[in-house]
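Student: Here you go, run09.pdb (PDB, N, CA and C atoms):
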ATOM      1  N   MET A  68       0.819  -1.178   0.000
ATOM      2  CA  MET A  68       0.000   0.000   0.000
ATOM      3  C   MET A  68       0.866   1.245   0.000
ATOM      4  N   THR A  69       0.346   2.277  -0.542
ATOM      5  CA  THR A  69       1.075   3.525  -0.529
ATOM      6  C   THR A  69       0.882   4.197   0.809
ATOM      7  N   SER A  70       1.586   5.288   1.038
ATOM      8  CA  SER A  70       1.497   5.955   2.330
ATOM      9  C   SER A  70       0.103   6.482   2.624
ATOM     10  N   SER A  71      -0.707   6.706   1.600
ATOM     11  CA  SER A  71      -2.065   7.185   1.828
ATOM     12  C   SER A  71      -3.020   6.049   2.154
ATOM     13  N   GLY A  72      -2.521   4.796   2.094
ATOM     14  CA  GLY A  72      -3.361   3.658   2.434
ATOM     15  C   GLY A  72      -4.092   3.068   1.242
ATOM     16  N   HIS A  73      -3.848   3.575   0.045
ATOM     17  CA  HIS A  73      -4.504   3.063  -1.153
ATOM     18  C   HIS A  73      -3.503   2.271  -1.979
ATOM     19  N   ARG A  74      -4.000   1.205  -2.580
ATOM     20  CA  ARG A  74      -3.133   0.391  -3.430
ATOM     21  C   ARG A  74      -2.756   1.162  -4.683
ATOM     22  N   ARG A  75      -1.569   0.828  -5.225
ATOM     23  CA  ARG A  75      -1.091   1.476  -6.441
ATOM     24  C   ARG A  75      -1.846   1.015  -7.669
ATOM     25  N   SER A  76      -2.385  -0.193  -7.660
ATOM     26  CA  SER A  76      -3.109  -0.695  -8.818
ATOM     27  C   SER A  76      -4.263  -1.561  -8.349
ATOM     28  N   HIS A  77      -5.202  -1.743  -9.236
ATOM     29  CA  HIS A  77      -6.376  -2.543  -8.922
ATOM     30  C   HIS A  77      -6.003  -4.012  -8.809
ATOM     31  N   ARG A  78      -6.467  -4.651  -7.766
ATOM     32  CA  ARG A  78      -6.194  -6.064  -7.511
ATOM     33  C   ARG A  78      -7.479  -6.837  -7.786
ATOM     34  N   ILE A  79      -7.354  -7.945  -8.517
ATOM     35  CA  ILE A  79      -8.519  -8.768  -8.824
ATOM     36  C   ILE A  79      -8.362 -10.136  -8.189
ATOM     37  N   GLU A  80      -9.485 -10.768  -7.929
ATOM     38  CA  GLU A  80      -9.442 -12.144  -7.443
ATOM     39  C   GLU A  80      -8.907 -13.010  -8.576
ATOM     40  N   PHE A  81      -7.951 -13.854  -8.260
ATOM     41  CA  PHE A  81      -7.312 -14.693  -9.273
ATOM     42  C   PHE A  81      -6.858 -15.969  -8.599
ATOM     43  N   THR A  82      -7.583 -17.042  -8.857
ATOM     44  CA  THR A  82      -7.247 -18.328  -8.255
ATOM     45  C   THR A  82      -6.608 -19.206  -9.318
ATOM     46  N   SER A  83      -5.401 -19.618  -9.047
ATOM     47  CA  SER A  83      -4.656 -20.433  -9.999
ATOM     48  C   SER A  83      -3.544 -21.147  -9.256
ATOM     49  N   ALA A  84      -3.097 -22.251  -9.815
ATOM     50  CA  ALA A  84      -1.902 -22.903  -9.279
ATOM     51  C   ALA A  84      -0.688 -22.110  -9.716
ATOM     52  N   ALA A  85       0.309 -22.074  -8.879
ATOM     53  CA  ALA A  85       1.550 -21.363  -9.199
ATOM     54  C   ALA A  85       2.716 -22.159  -8.635
ATOM     55  N   LEU A  86       3.883 -21.846  -9.132
ATOM     56  CA  LEU A  86       5.107 -22.465  -8.644
ATOM     57  C   LEU A  86       5.982 -21.347  -8.109
ATOM     58  N   LEU A  87       6.368 -21.445  -6.842
ATOM     59  CA  LEU A  87       7.216 -20.455  -6.196
ATOM     60  C   LEU A  87       8.607 -21.051  -6.030
ATOM     61  N   ARG A  88       9.592 -20.375  -6.602
ATOM     62  CA  ARG A  88      10.982 -20.829  -6.473
ATOM     63  C   ARG A  88      11.767 -19.785  -5.694
ATOM     64  N   TYR A  89      12.621 -20.263  -4.821
ATOM     65  CA  TYR A  89      13.444 -19.358  -4.027
ATOM     66  C   TYR A  89      14.683 -20.110  -3.573
ATOM     67  N   GLY A  90      15.678 -19.381  -3.128
ATOM     68  CA  GLY A  90      16.891 -20.025  -2.651
ATOM     69  C   GLY A  90      17.964 -20.090  -3.725
ATOM     70  N   ASP A  91      19.108 -20.631  -3.362
ATOM     71  CA  ASP A  91      20.242 -20.726  -4.271
ATOM     72  C   ASP A  91      19.918 -21.604  -5.465
ATOM     73  N   ASN A  92      20.158 -21.052  -6.632
ATOM     74  CA  ASN A  92      19.991 -21.781  -7.894
ATOM     75  C   ASN A  92      18.591 -22.356  -8.082
ATOM     76  N   GLY A  93      17.601 -21.786  -7.426
ATOM     77  CA  GLY A  93      16.244 -22.267  -7.599
ATOM     78  C   GLY A  93      16.033 -23.684  -7.121
ATOM     79  N   LEU A  94      16.820 -24.134  -6.164
ATOM     80  CA  LEU A  94      16.733 -25.519  -5.719
ATOM     81  C   LEU A  94      15.497 -25.793  -4.870
ATOM     82  N   LEU A  95      15.027 -24.801  -4.171
ATOM     83  CA  LEU A  95      13.844 -24.987  -3.335
ATOM     84  C   LEU A  95      12.633 -24.480  -4.088
ATOM     85  N   GLU A  96      11.596 -25.276  -4.165
ATOM     86  CA  GLU A  96      10.390 -24.830  -4.827
ATOM     87  C   GLU A  96       9.171 -25.403  -4.125
ATOM     88  N   ALA A  97       8.063 -24.705  -4.266
ATOM     89  CA  ALA A  97       6.823 -25.132  -3.628
ATOM     90  C   ALA A  97       5.659 -24.809  -4.542
ATOM     91  N   ARG A  98       4.726 -25.721  -4.643
ATOM     92  CA  ARG A  98       3.498 -25.450  -5.395
ATOM     93  C   ARG A  98       2.539 -24.729  -4.458
ATOM     94  N   VAL A  99       1.996 -23.638  -4.948
ATOM     95  CA  VAL A  99       1.116 -22.805  -4.135
ATOM     96  C   VAL A  99      -0.100 -22.430  -4.976
ATOM     97  N   ASP A 100      -1.093 -21.872  -4.341
ATOM     98  CA  ASP A 100      -2.264 -21.336  -5.034
ATOM     99  C   ASP A 100      -2.263 -19.830  -4.874
ATOM    100  N   THR A 101      -2.794 -19.144  -5.869
ATOM    101  CA  THR A 101      -2.890 -17.690  -5.780
ATOM    102  C   THR A 101      -4.269 -17.294  -5.264
ATOM    103  N   ARG A 102      -4.336 -16.091  -4.686
ATOM    104  CA  ARG A 102      -5.609 -15.555  -4.213
ATOM    105  C   ARG A 102      -6.030 -14.359  -5.039
ATOM    106  N   ASP A 103      -5.096 -13.448  -5.297
ATOM    107  CA  ASP A 103      -5.386 -12.291  -6.124
ATOM    108  C   ASP A 103      -4.113 -11.804  -6.791
ATOM    109  N   ILE A 104      -4.302 -10.914  -7.777
ATOM    110  CA  ILE A 104      -3.171 -10.450  -8.576
ATOM    111  C   ILE A 104      -3.413  -9.014  -9.008
ATOM    112  N   SER A 105      -2.339  -8.283  -9.215
ATOM    113  CA  SER A 105      -2.390  -6.943  -9.801
ATOM    114  C   SER A 105      -1.169  -6.813 -10.698
ATOM    115  N   LEU A 106      -0.990  -5.646 -11.278
ATOM    116  CA  LEU A 106       0.198  -5.415 -12.100
ATOM    117  C   LEU A 106       1.461  -5.323 -11.256
ATOM    118  N   HIS A 107       1.293  -5.206  -9.941
ATOM    119  CA  HIS A 107       2.451  -5.026  -9.065
ATOM    120  C   HIS A 107       2.781  -6.238  -8.215
ATOM    121  N   GLY A 108       1.887  -7.235  -8.182
ATOM    122  CA  GLY A 108       2.194  -8.389  -7.353
ATOM    123  C   GLY A 108       1.079  -9.406  -7.317
ATOM    124  N   VAL A 109       1.328 -10.460  -6.540
ATOM    125  CA  VAL A 109       0.380 -11.555  -6.413
ATOM    126  C   VAL A 109       0.377 -12.039  -4.962
ATOM    127  N   MET A 110      -0.792 -12.402  -4.473
ATOM    128  CA  MET A 110      -0.927 -12.991  -3.141
ATOM    129  C   MET A 110      -1.012 -14.496  -3.329
ATOM    130  N   ILE A 111      -0.124 -15.209  -2.636
ATOM    131  CA  ILE A 111      -0.140 -16.663  -2.732
ATOM    132  C   ILE A 111      -0.622 -17.246  -1.409
ATOM    133  N   LYS A 112      -1.432 -18.295  -1.534
ATOM    134  CA  LYS A 112      -1.941 -18.980  -0.352
ATOM    135  C   LYS A 112      -0.976 -20.100   0.012
ATOM    136  N   THR A 113      -0.440 -20.029   1.219
ATOM    137  CA  THR A 113       0.491 -21.055   1.677
ATOM    138  C   THR A 113       0.615 -20.978   3.190
ATOM    139  N   ASP A 114       0.890 -22.115   3.806
ATOM    140  CA  ASP A 114       1.150 -22.138   5.246
ATOM    141  C   ASP A 114       2.585 -21.752   5.553
ATOM    142  N   SER A 115       3.451 -21.807   4.547
ATOM    143  CA  SER A 115       4.867 -21.466   4.733
ATOM    144  C   SER A 115       5.051 -19.952   4.712
ATOM    145  N   ARG A 116       6.105 -19.501   5.347
ATOM    146  CA  ARG A 116       6.438 -18.078   5.336
ATOM    147  C   ARG A 116       7.923 -17.932   5.044
ATOM    148  N   LEU A 117       8.235 -17.204   3.993
ATOM    149  CA  LEU A 117       9.617 -16.844   3.700
ATOM    150  C   LEU A 117       9.878 -15.476   4.315
ATOM    151  N   PRO A 118      11.102 -15.176   4.667
ATOM    152  CA  PRO A 118      11.395 -13.857   5.239
ATOM    153  C   PRO A 118      11.045 -12.737   4.258
ATOM    154  N   ILE A 119      10.593 -11.607   4.796
ATOM    155  CA  ILE A 119      10.331 -10.418   3.994
ATOM    156  C   ILE A 119      11.600 -10.078   3.211
ATOM    157  N   ALA A 120      11.438  -9.640   1.985
ATOM    158  CA  ALA A 120      12.511  -9.247   1.057
ATOM    159  C   ALA A 120      13.254 -10.427   0.440
ATOM    160  N   THR A 121      12.769 -11.665   0.645
ATOM    161  CA  THR A 121      13.384 -12.822   0.001
ATOM    162  C   THR A 121      13.104 -12.776  -1.501
ATOM    163  N   PRO A 122      14.148 -12.788  -2.339
ATOM    164  CA  PRO A 122      13.924 -12.847  -3.784
ATOM    165  C   PRO A 122      13.310 -14.190  -4.168
ATOM    166  N   CYS A 123      12.436 -14.163  -5.150
ATOM    167  CA  CYS A 123      11.799 -15.398  -5.590
ATOM    168  C   CYS A 123      11.357 -15.251  -7.043
ATOM    169  N   THR A 124      10.961 -16.372  -7.609
ATOM    170  CA  THR A 124      10.384 -16.412  -8.942
ATOM    171  C   THR A 124       9.040 -17.117  -8.813
ATOM    172  N   VAL A 125       8.019 -16.553  -9.447
ATOM    173  CA  VAL A 125       6.689 -17.153  -9.425
ATOM    174  C   VAL A 125       6.303 -17.482 -10.860
ATOM    175  N   GLU A 126       5.916 -18.734 -11.073
ATOM    176  CA  GLU A 126       5.410 -19.151 -12.374
ATOM    177  C   GLU A 126       3.897 -19.272 -12.259
ATOM    178  N   LEU A 127       3.187 -18.452 -13.022
ATOM    179  CA  LEU A 127       1.725 -18.413 -13.001
ATOM    180  C   LEU A 127       1.175 -19.041 -14.271
ATOM    181  N   HIS A 128       0.093 -19.765 -14.133
ATOM    182  CA  HIS A 128      -0.570 -20.329 -15.307
ATOM    183  C   HIS A 128      -1.801 -19.481 -15.593
ATOM    184  N   LEU A 129      -1.755 -18.733 -16.690
ATOM    185  CA  LEU A 129      -2.885 -17.895 -17.093
ATOM    186  C   LEU A 129      -3.659 -18.621 -18.168
ATOM    187  N   SER A 130      -4.971 -18.671 -18.004
ATOM    188  CA  SER A 130      -5.785 -19.308 -19.033
ATOM    189  C   SER A 130      -6.995 -18.435 -19.319
ATOM    190  N   GLY A 131      -7.337 -18.396 -20.572
ATOM    191  CA  GLY A 131      -8.495 -17.628 -21.007
ATOM    192  C   GLY A 131      -9.405 -18.507 -21.828
ATOM    193  N   ALA A 132     -10.394 -17.882 -22.450
ATOM    194  CA  ALA A 132     -11.361 -18.636 -23.231
ATOM    195  C   ALA A 132     -10.723 -19.320 -24.438
ATOM    196  N   THR A 133      -9.682 -18.688 -24.993
ATOM    197  CA  THR A 133      -9.100 -19.235 -26.215
ATOM    198  C   THR A 133      -7.610 -19.539 -26.127
ATOM    199  N   SER A 134      -6.977 -19.237 -24.999
ATOM    200  CA  SER A 134      -5.536 -19.472 -24.931
ATOM    201  C   SER A 134      -5.082 -19.730 -23.499
ATOM    202  N   GLU A 135      -3.889 -20.285 -23.395
ATOM    203  CA  GLU A 135      -3.259 -20.516 -22.103
ATOM    204  C   GLU A 135      -1.810 -20.074 -22.196
ATOM    205  N   MET A 136      -1.261 -19.636 -21.063
ATOM    206  CA  MET A 136       0.123 -19.180 -21.071
ATOM    207  C   MET A 136       0.692 -19.310 -19.677
ATOM    208  N   ASP A 137       1.948 -19.715 -19.604
ATOM    209  CA  ASP A 137       2.671 -19.700 -18.342
ATOM    210  C   ASP A 137       3.498 -18.421 -18.312
ATOM    211  N   VAL A 138       3.374 -17.675 -17.236
ATOM    212  CA  VAL A 138       4.088 -16.415 -17.063
ATOM    213  C   VAL A 138       5.054 -16.585 -15.900
ATOM    214  N   VAL A 139       6.304 -16.237 -16.110
ATOM    215  CA  VAL A 139       7.306 -16.314 -15.059
ATOM    216  C   VAL A 139       7.712 -14.897 -14.689
ATOM    217  N   VAL A 140       7.549 -14.547 -13.403
ATOM    218  CA  VAL A 140       7.877 -13.199 -12.932
ATOM    219  C   VAL A 140       8.868 -13.294 -11.775
ATOM    220  N   GLN A 141       9.702 -12.298 -11.679
ATOM    221  CA  GLN A 141      10.627 -12.205 -10.556
ATOM    222  C   GLN A 141      10.021 -11.261  -9.535
ATOM    223  N   GLY A 142      10.250 -11.566  -8.251
ATOM    224  CA  GLY A 142       9.688 -10.730  -7.211
ATOM    225  C   GLY A 142      10.406 -10.900  -5.891
ATOM    226  N   VAL A 143       9.856 -10.258  -4.882
ATOM    227  CA  VAL A 143      10.347 -10.386  -3.511
ATOM    228  C   VAL A 143       9.140 -10.535  -2.596
ATOM    229  N   ILE A 144       9.341 -11.246  -1.492
ATOM    230  CA  ILE A 144       8.277 -11.366  -0.508
ATOM    231  C   ILE A 144       8.081  -9.985   0.129
ATOM    232  N   GLN A 145       6.851  -9.474   0.037
ATOM    233  CA  GLN A 145       6.572  -8.115   0.503
ATOM    234  C   GLN A 145       5.936  -8.087   1.889
ATOM    235  N   ARG A 146       5.009  -9.015   2.150
ATOM    236  CA  ARG A 146       4.348  -9.035   3.454
ATOM    237  C   ARG A 146       3.728 -10.409   3.691
ATOM    238  N   HIS A 147       3.378 -10.649   4.945
ATOM    239  CA  HIS A 147       2.709 -11.884   5.346
ATOM    240  C   HIS A 147       1.281 -11.557   5.755
ATOM    241  N   GLU A 148       0.377 -12.471   5.494
ATOM    242  CA  GLU A 148      -0.998 -12.399   5.973
ATOM    243  C   GLU A 148      -1.341 -13.750   6.576
ATOM    244  N   ASP A 149      -2.484 -13.839   7.214
ATOM    245  CA  ASP A 149      -2.886 -15.100   7.840
ATOM    246  C   ASP A 149      -2.929 -16.256   6.850
ATOM    247  N   THR A 150      -3.322 -15.968   5.619
ATOM    248  CA  THR A 150      -3.515 -17.039   4.640
ATOM    249  C   THR A 150      -2.352 -17.215   3.677
ATOM    250  N   GLY A 151      -1.316 -16.387   3.775
ATOM    251  CA  GLY A 151      -0.209 -16.548   2.837
ATOM    252  C   GLY A 151       0.756 -15.387   2.826
ATOM    253  N   MET A 152       1.375 -15.186   1.654
ATOM    254  CA  MET A 152       2.400 -14.155   1.488
ATOM    255  C   MET A 152       2.126 -13.363   0.221
ATOM    256  N   ALA A 153       2.451 -12.078   0.274
ATOM    257  CA  ALA A 153       2.356 -11.231  -0.907
ATOM    258  C   ALA A 153       3.726 -11.150  -1.562
ATOM    259  N   VAL A 154       3.751 -11.327  -2.872
ATOM    260  CA  VAL A 154       4.973 -11.199  -3.652
ATOM    261  C   VAL A 154       4.850  -9.941  -4.500
ATOM    262  N   ALA A 155       5.778  -8.999  -4.311
ATOM    263  CA  ALA A 155       5.828  -7.800  -5.139
ATOM    264  C   ALA A 155       6.684  -8.112  -6.361
ATOM    265  N   PHE A 156       6.177  -7.805  -7.558
ATOM    266  CA  PHE A 156       6.936  -8.058  -8.767
ATOM    267  C   PHE A 156       8.107  -7.085  -8.860
ATOM    268  N   THR A 157       9.272  -7.608  -9.193
ATOM    269  CA  THR A 157      10.441  -6.764  -9.427
ATOM    270  C   THR A 157      10.807  -6.745 -10.904
ATOM    271  N   HIS A 158      10.344  -7.738 -11.657
ATOM    272  CA  HIS A 158      10.602  -7.749 -13.103
ATOM    273  C   HIS A 158       9.491  -8.502 -13.815
ATOM    274  N   LEU A 159       8.881  -7.834 -14.784
ATOM    275  CA  LEU A 159       7.904  -8.442 -15.679
ATOM    276  C   LEU A 159       8.384  -8.185 -17.099
ATOM    277  N   ASP A 160       8.541  -9.225 -17.904
ATOM    278  CA  ASP A 160       8.887  -8.970 -19.298
ATOM    279  C   ASP A 160       7.651  -8.388 -19.992
ATOM    280  N   PRO A 161       7.823  -7.751 -21.136
ATOM    281  CA  PRO A 161       6.688  -7.081 -21.793
ATOM    282  C   PRO A 161       5.492  -7.991 -22.066
ATOM    283  N   ASP A 162       5.731  -9.230 -22.495
ATOM    284  CA  ASP A 162       4.617 -10.146 -22.756
ATOM    285  C   ASP A 162       3.862 -10.489 -21.477
ATOM    286  N   SER A 163       4.592 -10.748 -20.397
ATOM    287  CA  SER A 163       3.951 -11.065 -19.118
ATOM    288  C   SER A 163       3.133  -9.873 -18.626
ATOM    289  N   PHE A 164       3.702  -8.676 -18.726
ATOM    290  CA  PHE A 164       2.982  -7.467 -18.320
ATOM    291  C   PHE A 164       1.681  -7.339 -19.103
ATOM    292  N   LEU A 165       1.744  -7.529 -20.414
ATOM    293  CA  LEU A 165       0.557  -7.399 -21.252
ATOM    294  C   LEU A 165      -0.505  -8.427 -20.877
ATOM    295  N   HIS A 166      -0.103  -9.664 -20.629
ATOM    296  CA  HIS A 166      -1.074 -10.703 -20.273
ATOM    297  C   HIS A 166      -1.726 -10.419 -18.922
ATOM    298  N   ILE A 167      -0.953  -9.984 -17.945
ATOM    299  CA  ILE A 167      -1.532  -9.668 -16.636
ATOM    300  C   ILE A 167      -2.423  -8.433 -16.743
ATOM    301  N   LEU A 168      -1.996  -7.419 -17.518
ATOM    302  CA  LEU A 168      -2.817  -6.231 -17.729
ATOM    303  C   LEU A 168      -4.168  -6.612 -18.341
ATOM    304  N   ASN A 169      -4.151  -7.455 -19.368
ATOM    305  CA  ASN A 169      -5.400  -7.882 -19.997
ATOM    306  C   ASN A 169      -6.276  -8.664 -19.026
ATOM    307  N   LEU A 170      -5.678  -9.502 -18.205
ATOM    308  CA  LEU A 170      -6.421 -10.269 -17.210
ATOM    309  C   LEU A 170      -7.110  -9.334 -16.217
ATOM    310  N   VAL A 171      -6.375  -8.345 -15.729
ATOM    311  CA  VAL A 171      -6.936  -7.387 -14.772
ATOM    312  C   VAL A 171      -8.062  -6.585 -15.418
ATOM    313  N   LYS A 172      -7.843  -6.073 -16.633
ATOM    314  CA  LYS A 172      -8.867  -5.281 -17.312
ATOM    315  C   LYS A 172     -10.120  -6.101 -17.596
ATOM    316  N   LEU A 173      -9.938  -7.358 -17.974
ATOM    317  CA  LEU A 173     -11.075  -8.229 -18.243
ATOM    318  C   LEU A 173     -11.928  -8.399 -16.998
ATOM    319  N   HIS A 174     -11.296  -8.633 -15.857
ATOM    320  CA  HIS A 174     -12.039  -8.834 -14.628
ATOM    321  C   HIS A 174     -12.629  -7.537 -14.086
ATOM    322  N   GLU A 175     -11.996  -6.402 -14.337
ATOM    323  CA  GLU A 175     -12.564  -5.119 -13.931
ATOM    324  C   GLU A 175     -13.868  -4.848 -14.653
ATOM    325  N   ALA A 176     -13.980  -5.325 -15.897
ATOM    326  CA  ALA A 176     -15.167  -5.071 -16.712
ATOM    327  C   ALA A 176     -16.359  -5.930 -16.279
ATOM    328  N   GLU A 177     -16.104  -6.981 -15.517
ATOM    329  CA  GLU A 177     -17.197  -7.883 -15.104
ATOM    330  C   GLU A 177     -18.053  -7.271 -14.032
TER     331      GLU A 177
END
Step by step, read the file and then write its structure as structure tokens.

Tutor:
Amino acid sequence: MTSSGHRRSHRIEFTSAALLRYGDNGLLEARVDTRDISLHGVMIKTDSRLPIATPCTVELHLSGATSEMDVVVQGVIQRHEDTGMAVAFTHLDPDSFLHILNLVKLHEAE
């Protein structure tokens, strides 16, 4: 959240399986579920907690009416909640950004 208490971007409900990788050489990985997503990050549902600021990679499976795509984003653990952890995106390639933007806009229109 920003200092005024408002999020920087609209967050939509987004339930999907994801793969969270962290640690040296990506050796540690865990399958997790997502709760919501925005252009700036994703909330993952998990009983595990990584330390705040831990670098990680999240692989998201995006599916639509006519296509499917796996998106890999780099991020850091931003905060903990009762049901999981928030990952703030630190790098989105242009294609991943466009797919997440379209997903958010589609759900905003509903």

Student: Just say which residues the PyMOL selection byres ((chain A and resi 99-110) around 5) picks in this file, as a list in words.

Tutor: His77, Arg78, Ile79, Glu80, Phe81, Thr82, Ser83, Ala84, Ala85, Leu86, Ala97, Arg98, Ile111, Lys112, Met152, Ala153, Val154, Ala155 and Phe156 of chain A

Student: Using all atoms of stretch 109-122 of chain A listed in the file and a margin of 3 Å per side, can you give the axis-aligned box centre and edge lengths in Å to one decimal, as JSON?

Tutor:
{"center_x": 6.1, "center_y": -15.7, "center_z": -0.5, "size_x": 22.1, "size_y": 18.9, "size_z": 18.1}

Student: So, with all atoms listed in the file as the atoms that count, which of A:His158, A:Arg146, A:Arg88, A:His174 lies closest to A:Val125?

Tutor: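 Of A:His158, A:Arg146, A:Arg88, A:His174, the one nearest A:Val125 is A:Arg88, counting all atoms listed in the file.
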
Student: As a compact mmCIF listing (two decimals) with N, CA and C atoms, in the frame of the given file, please: the residues near A:Ala120 (cut-off 6.5 Å, all atoms listed in the file, same-chain neighbours under 6 positions excluded).

Tutor:
# COMPACT_ATOMS: atom_id res chain seq x y z
N VAL A 143 9.86 -10.26 -4.88
CA VAL A 143 10.35 -10.39 -3.51
C VAL A 143 9.14 -10.54 -2.60
N ILE A 144 9.34 -11.25 -1.49
CA ILE A 144 8.28 -11.37 -0.51
C ILE A 144 8.08 -9.98 0.13
N GLN A 145 6.85 -9.47 0.04
CA GLN A 145 6.57 -8.12 0.50
C GLN A 145 5.94 -8.09 1.89
N ARG A 146 5.01 -9.02 2.15
CA ARG A 146 4.35 -9.04 3.45
C ARG A 146 3.73 -10.41 3.69

Student: Atom C of A:Gly90 and atom C of A:Leu129 are how many Å apart?

Tutor: 26.0 Å

Student: Return the single residue from A:His147, A:Asp137, A:Leu168, A:Tyr89 that is closest to A:Pro122, with distances computed using only N, CA and C atoms.

Tutor: A:Tyr89

Student: What does the distance from atom C of A:Asp149 to atom C of A:Leu170 come to in Å, to one decimal?

Tutor: 24.4 Å
